[in-house]
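final_25.cif (mmCIF, C-alpha atoms)
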data_data
#
loop_
_atom_site.group_PDB
_atom_site.id
_atom_site.type_symbol
_atom_site.label_atom_id
_atom_site.label_comp_id
_atom_site.auth_asym_id
_atom_site.auth_seq_id
_atom_site.Cartn_x
_atom_site.Cartn_y
_atom_site.Cartn_z
ATOM 1 C CA MET W 1294 -7.300 -8.399 -8.611
ATOM 2 C CA GLN W 1295 -9.247 -8.070 -11.855
ATOM 3 C CA ILE W 1296 -8.309 -6.204 -15.023
ATOM 4 C CA SER W 1297 -10.530 -5.550 -18.026
ATOM 5 C CA THR W 1298 -10.156 -3.438 -21.137
ATOM 6 C CA GLU W 1299 -12.481 -1.639 -23.495
ATOM 7 C CA GLU W 1300 -11.811 0.340 -26.649
ATOM 8 C CA LEU W 1301 -13.575 3.712 -26.552
ATOM 9 C CA PRO W 1302 -14.207 6.071 -29.473
ATOM 10 C CA GLY W 1303 -11.236 8.242 -30.398
ATOM 11 C CA GLY W 1304 -8.670 5.471 -30.076
ATOM 12 C CA ILE W 1305 -8.841 5.452 -26.278
ATOM 13 C CA THR W 1306 -8.016 2.257 -24.446
ATOM 14 C CA LEU W 1307 -9.876 2.026 -21.147
ATOM 15 C CA VAL W 1308 -8.310 -0.261 -18.546
ATOM 16 C CA GLU W 1309 -10.407 -0.951 -15.483
ATOM 17 C CA LEU W 1310 -8.590 -2.233 -12.405
ATOM 18 C CA ASP W 1311 -10.654 -3.834 -9.657
ATOM 19 C CA GLY W 1312 -9.311 -4.923 -6.274
ATOM 20 C CA ARG W 1313 -6.237 -4.465 -4.112
ATOM 21 C CA MET W 1314 -3.136 -3.157 -5.868
ATOM 22 C CA ASP W 1315 -0.849 -4.671 -3.248
ATOM 23 C CA ILE W 1316 2.124 -6.898 -4.070
ATOM 24 C CA ALA W 1317 -0.053 -9.831 -5.103
ATOM 25 C CA GLY W 1318 -2.484 -7.628 -6.999
ATOM 26 C CA ALA W 1319 0.310 -5.872 -8.850
ATOM 27 C CA ALA W 1320 1.833 -9.196 -9.859
ATOM 28 C CA ALA W 1321 -1.555 -10.343 -11.147
ATOM 29 C CA VAL W 1322 -1.981 -7.416 -13.549
ATOM 30 C CA ASP W 1323 1.615 -6.566 -14.526
ATOM 31 C CA MET W 1324 1.827 -8.676 -17.658
ATOM 32 C CA LYS W 1325 -1.538 -7.530 -18.996
ATOM 33 C CA MET W 1326 -0.759 -3.889 -18.204
ATOM 34 C CA ASN W 1327 2.554 -4.087 -20.043
ATOM 35 C CA LEU W 1328 0.919 -5.760 -23.040
ATOM 36 C CA ILE W 1329 -1.678 -3.009 -23.219
ATOM 37 C CA ALA W 1330 0.976 -0.321 -22.840
ATOM 38 C CA GLY W 1331 2.866 -1.842 -25.753
ATOM 39 C CA SER W 1332 0.224 -0.741 -28.222
ATOM 40 C CA ALA W 1333 -2.045 1.875 -26.598
ATOM 41 C CA LYS W 1334 -1.618 5.512 -27.623
ATOM 42 C CA LYS W 1335 -4.306 6.946 -25.342
ATOM 43 C CA LEU W 1336 -4.606 5.060 -22.085
ATOM 44 C CA LEU W 1337 -7.319 5.735 -19.522
ATOM 45 C CA ILE W 1338 -6.690 3.791 -16.310
ATOM 46 C CA ASP W 1339 -9.881 3.521 -14.276
ATOM 47 C CA LEU W 1340 -9.034 3.240 -10.568
ATOM 48 C CA LYS W 1341 -12.483 3.673 -9.058
ATOM 49 C CA LYS W 1342 -12.683 0.030 -7.965
ATOM 50 C CA VAL W 1343 -9.140 -0.040 -6.556
ATOM 51 C CA ASP W 1344 -9.451 -0.047 -2.779
ATOM 52 C CA PHE W 1345 -5.735 -0.285 -1.923
ATOM 53 C CA LEU W 1346 -2.574 0.964 -3.629
ATOM 54 C CA GLY W 1347 0.931 0.228 -2.374
ATOM 55 C CA SER W 1348 4.310 0.970 -3.929
ATOM 56 C CA MET W 1349 4.287 -2.222 -6.002
ATOM 57 C CA GLY W 1350 0.871 -1.208 -7.283
ATOM 58 C CA LEU W 1351 2.300 2.200 -8.172
ATOM 59 C CA ARG W 1352 4.992 0.418 -10.124
ATOM 60 C CA SER W 1353 2.297 -1.397 -12.129
ATOM 61 C CA ILE W 1354 0.933 1.977 -13.174
ATOM 62 C CA VAL W 1355 4.196 3.868 -13.668
ATOM 63 C CA ILE W 1356 5.963 1.373 -15.943
ATOM 64 C CA PRO W 1357 3.115 1.159 -18.501
ATOM 65 C CA ALA W 1358 2.610 4.943 -18.299
ATOM 66 C CA ARG W 1359 6.283 5.514 -19.106
ATOM 67 C CA ALA W 1360 6.033 3.101 -22.032
ATOM 68 C CA VAL W 1361 3.011 4.885 -23.510
ATOM 69 C CA ASN W 1362 4.580 8.294 -22.895
ATOM 70 C CA SER W 1363 7.865 7.279 -24.535
ATOM 71 C CA ARG W 1364 5.959 6.487 -27.752
ATOM 72 C CA GLY W 1365 4.303 9.900 -27.712
ATOM 73 C CA GLY W 1366 1.074 8.644 -26.170
ATOM 74 C CA LYS W 1367 -0.944 9.963 -23.246
ATOM 75 C CA VAL W 1368 -2.143 8.438 -19.977
ATOM 76 C CA VAL W 1369 -4.766 9.615 -17.512
ATOM 77 C CA LEU W 1370 -5.773 8.148 -14.154
ATOM 78 C CA PHE W 1371 -9.509 8.146 -13.491
ATOM 79 C CA ALA W 1372 -11.511 8.282 -10.278
ATOM 80 C CA PRO W 1373 -9.167 7.032 -7.547
ATOM 81 C CA ASN W 1374 -10.711 6.974 -4.091
ATOM 82 C CA GLU W 1375 -9.437 9.454 -1.504
ATOM 83 C CA MET W 1376 -6.764 7.207 0.029
ATOM 84 C CA VAL W 1377 -5.559 5.866 -3.313
ATOM 85 C CA GLU W 1378 -5.250 9.441 -4.546
ATOM 86 C CA SER W 1379 -3.275 10.380 -1.442
ATOM 87 C CA VAL W 1380 -0.792 7.606 -2.306
ATOM 88 C CA LEU W 1381 -0.503 8.999 -5.849
ATOM 89 C CA LYS W 1382 0.084 12.493 -4.443
ATOM 90 C CA THR W 1383 2.643 11.342 -1.867
ATOM 91 C CA ALA W 1384 4.609 9.627 -4.622
ATOM 92 C CA GLY W 1385 4.377 12.763 -6.785
ATOM 93 C CA ILE W 1386 2.658 10.857 -9.564
ATOM 94 C CA ASP W 1387 -0.369 13.139 -9.783
ATOM 95 C CA THR W 1388 1.827 15.975 -11.087
ATOM 96 C CA LEU W 1389 3.187 13.811 -13.915
ATOM 97 C CA ILE W 1390 0.178 11.703 -14.860
ATOM 98 C CA PRO W 1391 -3.096 13.659 -14.799
ATOM 99 C CA VAL W 1392 -5.756 12.463 -12.355
ATOM 100 C CA ARG W 1393 -9.390 13.212 -13.180
ATOM 101 C CA HIS W 1394 -12.648 12.358 -11.442
ATOM 102 C CA ASP W 1395 -14.961 13.195 -14.320
ATOM 103 C CA LEU W 1396 -14.960 10.884 -17.349
ATOM 104 C CA ASP W 1397 -15.399 13.698 -19.865
ATOM 105 C CA ALA W 1398 -12.477 15.544 -18.295
ATOM 106 C CA ALA W 1399 -10.355 12.377 -18.409
ATOM 107 C CA ILE W 1400 -11.162 11.855 -22.089
ATOM 108 C CA ALA W 1401 -10.362 15.525 -22.775
ATOM 109 C CA VAL W 1402 -6.861 15.028 -21.352
ATOM 110 C CA LEU W 1403 -6.267 12.314 -23.920
ATOM 111 C CA GLY W 1404 -7.317 14.664 -26.715
ATOM 112 C CA MET B 917 -11.625 -7.111 -2.818
ATOM 113 C CA LEU B 918 -12.786 -7.252 0.761
ATOM 114 C CA THR B 919 -15.990 -9.155 1.109
ATOM 115 C CA PRO B 920 -17.781 -10.517 4.165
ATOM 116 C CA GLU B 921 -16.679 -13.987 3.037
ATOM 117 C CA ASN B 922 -12.945 -13.319 3.001
ATOM 118 C CA ARG B 923 -12.573 -10.715 5.704
ATOM 119 C CA MET B 924 -11.650 -13.062 8.538
ATOM 120 C CA THR B 925 -11.389 -16.792 8.643
ATOM 121 C CA GLY B 926 -9.384 -17.270 11.841
ATOM 122 C CA PRO B 927 -10.341 -17.232 15.499
ATOM 123 C CA ASP B 928 -12.708 -14.785 17.158
ATOM 124 C CA PRO B 929 -12.022 -11.457 15.449
ATOM 125 C CA SER B 930 -12.828 -9.584 18.649
ATOM 126 C CA SER B 931 -9.643 -10.902 20.249
ATOM 127 C CA PRO B 932 -6.816 -11.014 17.701
ATOM 128 C CA GLU B 933 -3.432 -12.156 18.920
ATOM 129 C CA PRO B 934 -1.113 -9.242 19.715
ATOM 130 C CA ARG B 935 1.819 -10.935 17.983
ATOM 131 C CA LEU B 936 2.247 -12.514 14.557
ATOM 132 C CA THR B 937 5.260 -14.384 13.203
ATOM 133 C CA LEU B 938 5.846 -14.648 9.464
ATOM 134 C CA LYS B 939 8.254 -16.376 7.159
ATOM 135 C CA SER B 940 10.028 -14.039 4.759
ATOM 136 C CA GLN B 941 7.860 -14.958 1.791
ATOM 137 C CA LEU B 942 5.437 -12.631 0.078
ATOM 138 C CA GLN B 943 2.484 -15.002 0.388
ATOM 139 C CA ASP B 944 2.678 -14.642 4.178
ATOM 140 C CA LEU B 945 1.580 -11.020 3.757
ATOM 141 C CA THR B 946 -1.994 -12.297 3.428
ATOM 142 C CA LEU B 947 -1.748 -13.365 7.099
ATOM 143 C CA VAL B 948 -0.936 -9.761 7.956
ATOM 144 C CA TRP B 949 -3.959 -8.356 6.125
ATOM 145 C CA SER B 950 -6.465 -10.551 7.979
ATOM 146 C CA TRP B 951 -4.671 -9.821 11.276
ATOM 147 C CA VAL B 952 -4.798 -6.063 10.665
ATOM 148 C CA GLU B 953 -8.483 -6.289 9.732
ATOM 149 C CA ALA B 954 -9.185 -8.087 13.018
ATOM 150 C CA LEU B 955 -7.190 -5.480 14.962
ATOM 151 C CA ALA B 956 -9.039 -2.711 13.130
ATOM 152 C CA ARG B 957 -12.384 -4.135 14.214
ATOM 153 C CA ARG B 958 -11.078 -4.674 17.755
ATOM 154 C CA TYR B 959 -9.944 -1.052 18.135
ATOM 155 C CA SER B 960 -12.588 0.596 15.909
ATOM 156 C CA VAL B 961 -9.865 1.846 13.576
ATOM 157 C CA PRO B 962 -11.216 4.171 10.867
ATOM 158 C CA ALA B 963 -10.972 2.876 7.282
ATOM 159 C CA ASP B 964 -8.351 5.425 6.221
ATOM 160 C CA THR B 965 -6.131 4.515 9.193
ATOM 161 C CA GLN B 966 -6.511 0.820 8.388
ATOM 162 C CA PHE B 967 -5.414 1.654 4.826
ATOM 163 C CA ALA B 968 -2.379 3.497 6.233
ATOM 164 C CA ILE B 969 -1.456 0.580 8.517
ATOM 165 C CA GLN B 970 -1.666 -1.922 5.663
ATOM 166 C CA LEU B 971 0.288 0.369 3.352
ATOM 167 C CA CYS B 972 3.120 0.914 5.837
ATOM 168 C CA LEU B 973 3.302 -2.734 6.906
ATOM 169 C CA GLU B 974 3.403 -3.868 3.266
ATOM 170 C CA GLU B 975 6.284 -1.487 2.595
ATOM 171 C CA ALA B 976 8.185 -2.430 5.758
ATOM 172 C CA LEU B 977 7.717 -6.181 5.380
ATOM 173 C CA SER B 978 8.430 -6.346 1.661
ATOM 174 C CA ASN B 979 11.607 -4.290 2.188
ATOM 175 C CA ILE B 980 12.766 -6.744 4.846
ATOM 176 C CA MET B 981 11.953 -9.746 2.640
ATOM 177 C CA ARG B 982 13.532 -8.394 -0.549
ATOM 178 C CA HIS B 983 16.459 -6.390 0.809
ATOM 179 C CA GLY B 984 17.128 -7.398 4.429
ATOM 180 C CA TYR B 985 16.814 -11.124 3.827
ATOM 181 C CA GLN B 986 17.607 -10.830 0.095
ATOM 182 C CA GLY B 987 14.759 -13.104 -0.885
ATOM 183 C CA GLN B 988 15.625 -15.999 1.442
ATOM 184 C CA PRO B 989 12.155 -17.423 2.178
ATOM 185 C CA SER B 990 12.735 -19.244 5.472
ATOM 186 C CA GLN B 991 13.769 -16.304 7.663
ATOM 187 C CA SER B 992 11.406 -15.077 10.363
ATOM 188 C CA ILE B 993 9.789 -11.699 10.962
ATOM 189 C CA ALA B 994 7.850 -10.944 14.154
ATOM 190 C CA ILE B 995 5.194 -8.252 14.289
ATOM 191 C CA GLU B 996 3.610 -7.050 17.481
ATOM 192 C CA CYS B 997 0.714 -4.656 17.972
ATOM 193 C CA ALA B 998 0.317 -2.786 21.238
ATOM 194 C CA PRO B 999 -2.355 -0.187 21.942
ATOM 195 C CA SER B 1000 -1.169 2.952 23.683
ATOM 196 C CA GLY B 1001 -3.429 5.467 25.356
ATOM 197 C CA VAL B 1002 -6.518 4.194 23.571
ATOM 198 C CA GLU B 1003 -8.678 4.839 26.639
ATOM 199 C CA ASN B 1004 -7.720 8.528 26.684
ATOM 200 C CA ALA B 1005 -10.501 10.935 25.815
ATOM 201 C CA ASP B 1006 -8.562 12.241 22.832
ATOM 202 C CA GLY B 1007 -7.524 8.822 21.538
ATOM 203 C CA GLY B 1008 -4.229 7.006 21.401
ATOM 204 C CA GLU B 1009 -2.071 4.952 19.080
ATOM 205 C CA LEU B 1010 -1.741 1.486 17.706
ATOM 206 C CA VAL B 1011 1.968 0.794 17.848
ATOM 207 C CA PHE B 1012 3.390 -1.912 15.585
ATOM 208 C CA THR B 1013 6.905 -3.238 16.092
ATOM 209 C CA VAL B 1014 8.510 -5.315 13.350
ATOM 210 C CA GLU B 1015 11.595 -7.339 14.260
ATOM 211 C CA ASP B 1016 13.905 -9.217 11.916
ATOM 212 C CA HIS B 1017 17.318 -10.879 12.038
ATOM 213 C CA ALA B 1018 18.652 -9.216 8.913
ATOM 214 C CA PRO B 1019 21.850 -7.128 8.743
ATOM 215 C CA PRO B 1020 21.450 -3.688 10.370
ATOM 216 C CA PHE B 1021 19.746 -1.162 8.111
ATOM 217 C CA ASP B 1022 18.125 2.130 9.091
ATOM 218 C CA PRO B 1023 15.513 2.781 6.401
ATOM 219 C CA PHE B 1024 14.921 6.324 7.623
ATOM 220 C CA ALA B 1025 18.550 7.467 7.623
ATOM 221 C CA ALA B 1026 18.612 8.456 3.955
ATOM 222 C CA ALA B 1027 16.846 11.578 2.688
ATOM 223 C CA PRO B 1028 13.882 10.811 0.424
ATOM 224 C CA ALA B 1029 14.651 10.940 -3.278
ATOM 225 C CA ALA B 1030 13.872 14.202 -5.077
ATOM 226 C CA ALA B 1031 10.531 14.371 -6.830
ATOM 227 C CA PRO B 1032 10.809 13.433 -10.524
ATOM 228 C CA ALA B 1033 10.298 16.179 -13.106
ATOM 229 C CA SER B 1034 8.837 14.016 -15.887
ATOM 230 C CA ILE B 1035 7.228 10.639 -16.458
ATOM 231 C CA GLN B 1036 10.473 9.410 -17.982
ATOM 232 C CA GLU B 1037 12.348 10.344 -14.785
ATOM 233 C CA LEU B 1038 9.751 8.628 -12.639
ATOM 234 C CA GLN B 1039 11.354 5.615 -11.012
ATOM 235 C CA PRO B 1040 9.024 2.660 -10.596
ATOM 236 C CA GLY B 1041 10.383 1.767 -7.144
ATOM 237 C CA GLY B 1042 11.749 3.619 -4.164
ATOM 238 C CA GLN B 1043 8.501 5.111 -2.908
ATOM 239 C CA GLY B 1044 8.163 2.915 0.160
ATOM 240 C CA ILE B 1045 10.019 5.121 2.641
ATOM 241 C CA ARG B 1046 8.240 8.247 1.411
ATOM 242 C CA LEU B 1047 4.877 6.503 1.831
ATOM 243 C CA MET B 1048 5.727 5.319 5.357
ATOM 244 C CA ARG B 1049 6.870 8.809 6.391
ATOM 245 C CA THR B 1050 3.549 10.236 5.208
ATOM 246 C CA PHE B 1051 1.068 7.609 6.337
ATOM 247 C CA ALA B 1052 2.442 6.633 9.776
ATOM 248 C CA SER B 1053 2.042 8.976 12.746
ATOM 249 C CA ARG B 1054 5.441 8.020 14.084
ATOM 250 C CA LEU B 1055 8.358 5.907 12.868
ATOM 251 C CA ALA B 1056 11.508 4.674 14.574
ATOM 252 C CA TRP B 1057 14.331 2.241 13.871
ATOM 253 C CA GLN B 1058 16.458 0.475 16.436
ATOM 254 C CA GLN B 1059 19.391 -1.834 15.898
ATOM 255 C CA LEU B 1060 19.091 -5.079 17.858
ATOM 256 C CA PRO B 1061 22.013 -7.377 18.755
ATOM 257 C CA ASP B 1062 21.018 -9.658 15.883
ATOM 258 C CA GLY B 1063 18.690 -7.622 13.710
ATOM 259 C CA ASN B 1064 16.439 -4.618 13.413
ATOM 260 C CA ARG B 1065 13.336 -3.283 15.102
ATOM 261 C CA LEU B 1066 11.015 -0.928 13.241
ATOM 262 C CA THR B 1067 8.310 0.900 15.149
ATOM 263 C CA LEU B 1068 5.319 2.257 13.270
ATOM 264 C CA ALA B 1069 2.601 4.090 15.200
ATOM 265 C CA PHE B 1070 -0.836 5.178 13.996
ATOM 266 C CA ALA B 1071 -3.143 7.597 15.786
ATOM 267 C CA ILE B 1072 -6.600 6.205 16.472
ATOM 268 C CA PRO B 1073 -9.713 7.716 18.060
ATOM 269 C CA PRO B 1074 -10.725 6.867 21.621
ATOM 270 C CA LEU B 1075 -12.325 3.490 22.211
ATOM 271 C CA SER B 1076 -16.077 3.561 22.658
ATOM 272 C CA PRO B 1077 -17.374 2.213 25.997
ATOM 273 C CA SER B 1078 -18.750 -0.897 24.257
ATOM 274 C CA VAL B 1079 -15.266 -2.004 23.168
ATOM 275 C CA PRO B 1080 -13.529 -4.383 25.623
ATOM 276 C CA SER B 1081 -10.401 -3.214 27.420
ATOM 277 C CA PRO B 1082 -7.138 -3.321 25.424
ATOM 278 C CA LEU B 1083 -5.088 -6.427 24.888
ATOM 279 C CA VAL B 1084 -2.105 -6.951 27.114
ATOM 280 C CA PRO B 1085 0.742 -8.077 24.838
#
In structure tokens, how does this file's structure come out?
Amino acid sequence: MQISTEELPGGITLVELDGRMDIAGAAAVDMKMNLIAGSAKKLLIDLKKVDFLGSMGLRSIVIPARAVNSRGGKVVLFAPNEMVESVLKTAGIDTLIPVRHDLDAAIAVLG
Amino acid sequence: MLTPENRMTGPDPSSPEPRLTLKSQLQDLTLVWSWVEALARRYSVPADTQFAIQLCLEEALSNIMRHGYQGQPSQSIAIECAPSGVENADGGELVFTVEDHAPPFDPFAAAPAAAPASIQELQPGGQGIRLMRTFASRLAWQQLPDGNRLTLAFAIPPLSPSVPSPLVP
């Protein structure tokens, strides 16, 4: 599981996740995700290279999203594949954290 | 990531064993992934069904390890895969049974938690049962004299004529 970050114009922090967000993958990115969530105000989580998402992987997204949200920030999930998005929908996360497949639309969510 | 190099390193992937025994430690889950990949190739399982199998097995096995065995790493878990009706024209099922020796617990007895109304209400855990109910075709729990048996079934398309006859467990 790989994680990389990039600062985009407008104060947006882009986090790209790459690999399997299973139990091992979630453990590999948890600390970095929580560090990022400690300071980011506008967080764009790029899921297009995530090919598996289990409930521990969901946890690695939800906890940082709650942290950003609790400080008045915004989070958007970008470009999950069909099965990863179906996991997000089953867990009800898509109704609470916006999911977008177009980068401009994702950036627009973050204002 | 799945790559040709790490997809399968065990015996002939065309004939995976029908039964796998794990220790109750999270690192043993990697054995399950390569086993499921071999089964998926063996039964021409579509990619989305393979995703569903891995998702449900991860949830079931991690629940047993963390809650059933309460983190004790030396307990055993047996998983068996049996094809059912895969030679039917309209397809069949891959049926996984997961047996442990943990205290009796029916994971499907409780109603799923209500959907959260805000990010702050969103609980980071507790999604496993909901995911299994959605992604498996059929689920069952049975109490054994000294443990539990979970059955998870997944619909698969009919085998093509080029695929060898099913395994006999």
**OP:** With a distance threshold of 9 Å and counting all atoms listed in the file, extract the residues of chain B near chain W and express them as a PyMOL selection string.
**Re:** chain B and resi 917-918+942-943+945+964+967-968+970-972+974-975+978+1031-1044+1046-1047+1050-1051
Subject >> Selected residue of minimal separation from Pro1302 (chain W) among W:Glu1378, W:Lys1335, W:Gly1365, W:Leu1340, counting only C-alpha atoms >> reply: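 Among W:Glu1378, W:Lys1335, W:Gly1365, W:Leu1340, it is W:Lys1335 that comes nearest to Pro1302 (chain W).
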**OP:** Find the residue from W:Ala1320, W:Lys1325, W:Val1368, W:Val1402 that sits nearest to Ile1296 (chain W); use all atoms listed in the file when measuring.
**Re:**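 Ranking W:Ala1320, W:Lys1325, W:Val1368, W:Val1402 by distance to Ile1296 (chain W), first place goes to W:Lys1325.
Restricting the calculation to only C-alpha atoms, the smallest distance between Phe1371 (chain W) and any of W:Leu1307, W:Ala1321, W:Ala1333, W:Val1392 is found for W:Val1392.
Pairwise distance (CA of Val1308 (chain W), CA of Asp1397 (chain W)) equals 15.7 Å.
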**OP:** Can you turn the PyMOL selection byres ((chain B and resi 1021) around 10) into a concrete residue list for this file, as a list in words?
**Re:** Ile980, His983, Gly984, Ala1018, Pro1019, Pro1020, Asp1022, Pro1023, Phe1024, Ala1025, Trp1057, Gln1058, Gln1059, Gly1063, Asn1064 and Arg1065 of chain B
**OP:** Just give me the gap between CA of Asp944 (chain B) and CA of Glu1009 (chain B) in Å, one decimal is fine.
**Re:**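 These atoms are spaced 25.1 Å apart.
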Original post:
Nearest to Ala1069 (chain B) among B:Gln966, B:Asn979, B:Ser950, B:Thr1013, with distances taken over all atoms listed in the file: which residue is it?
Top reply: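 Of B:Gln966, B:Asn979, B:Ser950, B:Thr1013, the one nearest Ala1069 (chain B), counting all atoms listed in the file, is B:Thr1013.
The coordinates place CA of Ala976 (chain B) at 24.0 Å from CA of Pro1073 (chain B).
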Original post:
For Leu936 (chain B), which residue out of B:Gln986, B:Ser1053, B:Thr965, B:Ser992 is the nearest one, using all atoms listed in the file?
Top reply: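 That would be B:Ser992, the residue with the smallest distance to Leu936 (chain B).
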**OP:** Have a look at W:Gly1318, W:Ser1332, W:Leu1403, W:Asn1327 and name the one nearest to Gly1303 (chain W); count all atoms listed in the file.
**Re:** W:Leu1403
